[in-house]
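Engineer: Right, I'll just put the structure down here and ask away after.
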Amino acid sequence: MQRLRAATRRRVRGGGIAVALDRGVVGILRIAYRLLVNDRGKYLATLMGMTFSVFLMVQMTSMFAGMMKKASSTVTNTGAKMWVMDRSVTSVTSSFPLPDYVLDYVRSIDGVRYAVPMYSGTALVRLRSGAYQPVTVIGLDDTSLLGRPKLIAGNIEDIYAENGFVVVKDEEFGKLESPAVGTEFELNDHRGVIVGIATVPASGLFGMPTLYTTYSRAIQYIPSMRYTMSFVLVEPRDASAIPHIREEVDRLGYEVETDQGFIDRMTHWWIFHTGMGTNLMLMTAIAFVVGLSISGQTFYTFVLENLERFGALKAIGAKRRELVAMIFFQAGITGVVGYGLGIGLCSGLVALAKLRMPDYAALITFRYLGVALGMVLLISLASGYIAVRRVLRIDPYDIFRG
Amino acid sequence: MSDVAIKAEGLTRWFGEGEARTYAVRDVSFEARFDEMLYIVGPSGSGKTTLLSIISGILRPNAGTVAIDGTDVWSQSEDRVAALRLAKIGFVFQDYHLFGHLTTRENVAVPLILKRTRWNDAMALADKYLGVVGLSGRAKLPPTRLSGGEQQRVAIARAIASQPELLIFDEPTASLDGDTGRKIVEFVRNDVLDAHRCIVIVTHDDRIYSFADRILHMEDGRLRDGDGGIHA
């Protein structure tokens, strides 16, 4: 016993204060970890609540992000730095035609390197089989072809050939009966010929195939109102020129957005002016509440069941901050593991869905992963806080009284 | 080091205020020495558990002082009292309060971990103390798979693992049959008590009185007249 006593004192006292603090905390957290994971029933129940909550949150936000990506696909695919539009425009598809003088005015603004017109609209094409299919038609500036897509078949110069159109090979490509270069179709009684096949970073939201042609052909083939220009695409001289361009366009009574600004404008519109964004946000909030309810309650029960043991730890000499660290560590571990499982589950299901439905609009972004992580941390903090309050209230004297 | 392990003077503790005030401990003074096994006995409600809680740094008295190995307990902050308990006092609770979801070894290592002992060292020491209480083969089992007597031994191993100078036992035989209870206390007397340690046991089990060096009798929160130095 005397030898054991000496050995104990050596091991307990060995090492500097700083080192002892670090390794001591690790040991306490390790105890907390074992207490948590060895109570498998409770741990799995808490984990399931957290996983389900994360799954729902990530699923909802990924659907929203996917739809926003598709809704702003024209902006992304075109790659123009600035977009001039009517003030009433809420998205690319709801463009309001601009008079030609807007283009001339924008070109005259100091700080504009170049500005070109762009057409965006929809039309009905008649396929070889006789079927009709609505399509999105993008008319590119005849001179520069600014915003042209990347071709995987054909030559971009052929877009100037008679009736030339470039078709985008995306998830909607099959709706045009998978045309090849040379395939013909009808558009408002005009003959159209596929002269190139292209790819783009993002396809559209409404499940329509996309055709590119020149601006002049687009306005010639597709019936339109008095004015024909959907947008003016602007390349500023540099970033410092943007405020001045914005000011000048505003003075004319129109609006100019940077590409990201335009995407944000569309996102804002979807969130706050349609039921869709609000409903998705509501579902995300409900997922948060469900996660908080299940995980918080189960974790609290877990702590309640161990309350006397925590009281015993207090009696033995555990400090308040050590108990707090143990409980928040347990809540944090549950949160982080549940977060990983929830993301894995959501990613798996999105991947599976995209195998079956290539145009399934879901996109897991780092931004929304960050939002979900923030919510998970909030759930963990709230669960831990409720449990900590209970543990700190227990009096070691109660342990003696039984 | 003085041979006085505990010095309690004028300890008083009441609960409630005004007309509802009830005295659990009234003006209790006594000393306990190292290498001494001291019993605090008395009927239920006599204040022995309250006295035990006060001298072990768990319950603050309304009046009086307690010094453990010369250190005044109740003049210190809550964190310092907790540190003092961890450094100088080992507890064996009536219901043991072992963690059912830790192994026996990890349970024994808990005070060592709290004392910032490296994990592997703490486990190695826990194994040795389990050997001392005769439970080497039970290290990897959870306490829930041990008998009552074995759980009591695990609690003792946990209490002595951090080498405390004062060991507190609360009703050590309450959950055990007579024979097991006797064996446990005999083991404590022969193998745990030494010249650097004082053991205080609260009990009303008169079958184990014969192991005490000294017995303090409590009645209505007071020590019976003459107690404080009478050997059993």
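Residue numbers start at 1 in each chain; chains themselves are named A, B, ... in the order of the structure tokens; ligands are numbered from 1 in the order shown.
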Per DSSP on the backbone, filter segment 107-223 of chain B down to the residues in strand (DSSP E or B) and report them as a ChimeraX atom specification.
Structural biologist: /B:166-170,198-203,214-219,222-223
Engineer: For the selection you just gave me, I'd like the residues written to a file as a tab-separated table (two decimals), in the first residue's frame, keeping C-alpha atoms.
Structural biologist:
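Wrote out.tsv, looks like this:
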chain	number	residue	atom	x	y	z
B	166	LEU	CA	-9.64	11.64	5.15
B	167	LEU	CA	-12.03	8.87	4.14
B	168	ILE	CA	-15.76	9.40	4.61
B	169	PHE	CA	-18.12	6.43	4.69
B	170	ASP	CA	-21.85	7.03	4.75
B	198	CYS	CA	-8.29	9.09	9.15
B	199	ILE	CA	-11.53	7.26	8.48
B	200	VAL	CA	-14.91	8.62	9.55
B	201	ILE	CA	-17.89	6.32	9.31
B	202	VAL	CA	-21.51	7.27	9.83
B	203	THR	CA	-23.57	4.22	10.73
B	214	ARG	CA	-13.72	5.79	18.85
B	215	ILE	CA	-17.48	6.33	18.64
B	216	LEU	CA	-19.27	9.67	18.77
B	217	HIS	CA	-22.94	9.37	19.72
B	218	MET	CA	-25.30	11.99	18.33
B	219	GLU	CA	-28.72	12.86	19.64
B	222	ARG	CA	-25.58	17.30	19.73
B	223	LEU	CA	-22.80	14.96	20.75
Engineer: At a cut-off of 6 Å, which residues of chain B touch chain A? Count only C-alpha atoms and give the answer as a PyMOL selection string.
Structural biologist: chain B and resi 82-83+85-86+97+101+113+116-117+119
Engineer: Write out the residues from the selection above, keeping N, CA and C atoms, as a PDB file, in the first residue's frame.
Structural biologist:
ATOM      1  N   ALA B  82     -13.956  22.721  -3.220  1.00  0.00           N
ATOM      2  CA  ALA B  82     -14.039  21.555  -4.116  1.00  0.00           C
ATOM      3  C   ALA B  82     -12.655  20.967  -4.338  1.00  0.00           C
ATOM      4  N   ALA B  83     -11.671  21.846  -4.527  1.00  0.00           N
ATOM      5  CA  ALA B  83     -10.293  21.374  -4.729  1.00  0.00           C
ATOM      6  C   ALA B  83      -9.781  20.667  -3.476  1.00  0.00           C
ATOM      7  N   ARG B  85     -11.631  19.079  -1.248  1.00  0.00           N
ATOM      8  CA  ARG B  85     -12.290  17.756  -1.187  1.00  0.00           C
ATOM      9  C   ARG B  85     -11.570  16.768  -2.084  1.00  0.00           C
ATOM     10  N   LEU B  86     -11.234  17.246  -3.276  1.00  0.00           N
ATOM     11  CA  LEU B  86     -10.583  16.360  -4.242  1.00  0.00           C
ATOM     12  C   LEU B  86      -9.203  15.936  -3.753  1.00  0.00           C
ATOM     13  N   HIS B  97     -23.121   5.387  -5.902  1.00  0.00           N
ATOM     14  CA  HIS B  97     -23.130   6.370  -6.993  1.00  0.00           C
ATOM     15  C   HIS B  97     -22.011   6.136  -7.991  1.00  0.00           C
ATOM     16  N   HIS B 101     -22.474   3.466 -16.839  1.00  0.00           N
ATOM     17  CA  HIS B 101     -22.061   3.423 -18.242  1.00  0.00           C
ATOM     18  C   HIS B 101     -20.555   3.575 -18.415  1.00  0.00           C
ATOM     19  N   ILE B 113      -8.649  11.387 -12.688  1.00  0.00           N
ATOM     20  CA  ILE B 113      -8.849  12.221 -13.888  1.00  0.00           C
ATOM     21  C   ILE B 113      -9.160  13.656 -13.464  1.00  0.00           C
ATOM     22  N   ARG B 116      -6.312  15.678 -12.763  1.00  0.00           N
ATOM     23  CA  ARG B 116      -5.480  15.952 -13.944  1.00  0.00           C
ATOM     24  C   ARG B 116      -4.387  14.918 -14.161  1.00  0.00           C
ATOM     25  N   THR B 117      -4.663  13.683 -13.767  1.00  0.00           N
ATOM     26  CA  THR B 117      -3.715  12.606 -14.046  1.00  0.00           C
ATOM     27  C   THR B 117      -3.890  12.176 -15.500  1.00  0.00           C
ATOM     28  N   TRP B 119      -4.492  10.048 -18.707  1.00  0.00           N
ATOM     29  CA  TRP B 119      -5.481   8.966 -18.844  1.00  0.00           C
ATOM     30  C   TRP B 119      -4.871   7.583 -18.599  1.00  0.00           C
TER      31      TRP B 119
END
Engineer: Nearest to Ser2 of chain B: which of B:Trp74, B:Phe34, B:Tyr209, B:Tyr23 is it, counting only C-alpha atoms?
Structural biologist: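 Going through B:Trp74, B:Phe34, B:Tyr209, B:Tyr23 one by one, the smallest distance to Ser2 of chain B is for B:Phe34.
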Engineer: For segment 170-187 of chain A, list every protein, DNA or RNA residue within 10 Å, evaluated using only C-alpha atoms, and leave out those in the same chain fewer than 2 positions away; present the list as an NGL selection string.
Structural biologist: :A and (123-135 or 153-155 or 163-168 or 189-204 or 206-210 or 221-222 or 357-360)
Engineer: Quick one: residues within 9 Å of Ser72 of chain A, only C-alpha atoms counted, chain neighbours fewer than 6 positions away excluded, as a PyMOL selection string?
Structural biologist: chain A and resi 91-92+202+204-205+262-263+266-267
Engineer: Next, dump the selected residues to file, keeping only C-alpha atoms, as a compact mmCIF listing (two decimals), in the first residue's frame.
Structural biologist:
# COMPACT_ATOMS: atom_id res chain seq x y z
CA SER A 91 -36.18 37.77 -62.67
CA VAL A 92 -34.65 37.00 -66.06
CA ALA A 202 -26.68 25.64 -65.03
CA GLY A 204 -33.19 26.65 -66.34
CA LEU A 205 -35.80 26.35 -63.62
CA PHE A 262 -29.16 40.43 -60.00
CA ILE A 263 -29.02 36.91 -58.51
CA MET A 266 -34.12 37.25 -57.83
CA THR A 267 -33.51 35.30 -54.62
Engineer: Can you pull out every residue from segment 50-224 of chain A that DSSP, working from the backbone, puts in helix (DSSP H, G or I), and format the result as a PyMOL selection string?
Structural biologist: chain A and resi 50-71+73-78+92-94+100-108+156-160+173-176+215-221
Engineer: At a cut-off of 8 Å, using only C-alpha atoms, what residues contact Ala109 of chain B? Leave out same-chain residues fewer than 4 positions from it and give the result as number ranges by chain.
Structural biologist: B: 105, 113, 122-123, 125-126, 158, 161
Engineer: Got a sec: who's within 9 Å of Arg113 of chain A, counting only C-alpha atoms, leaving out chain neighbours fewer than 2 positions off, as a PyMOL selection string?
Structural biologist: chain A and resi 107+110-111+115+234-238
Engineer: Which one is closest to Ile6 of chain B: B:Ile68, B:Ile89, B:Ile160, B:Met37? Count only C-alpha atoms.
Structural biologist: B:Ile68
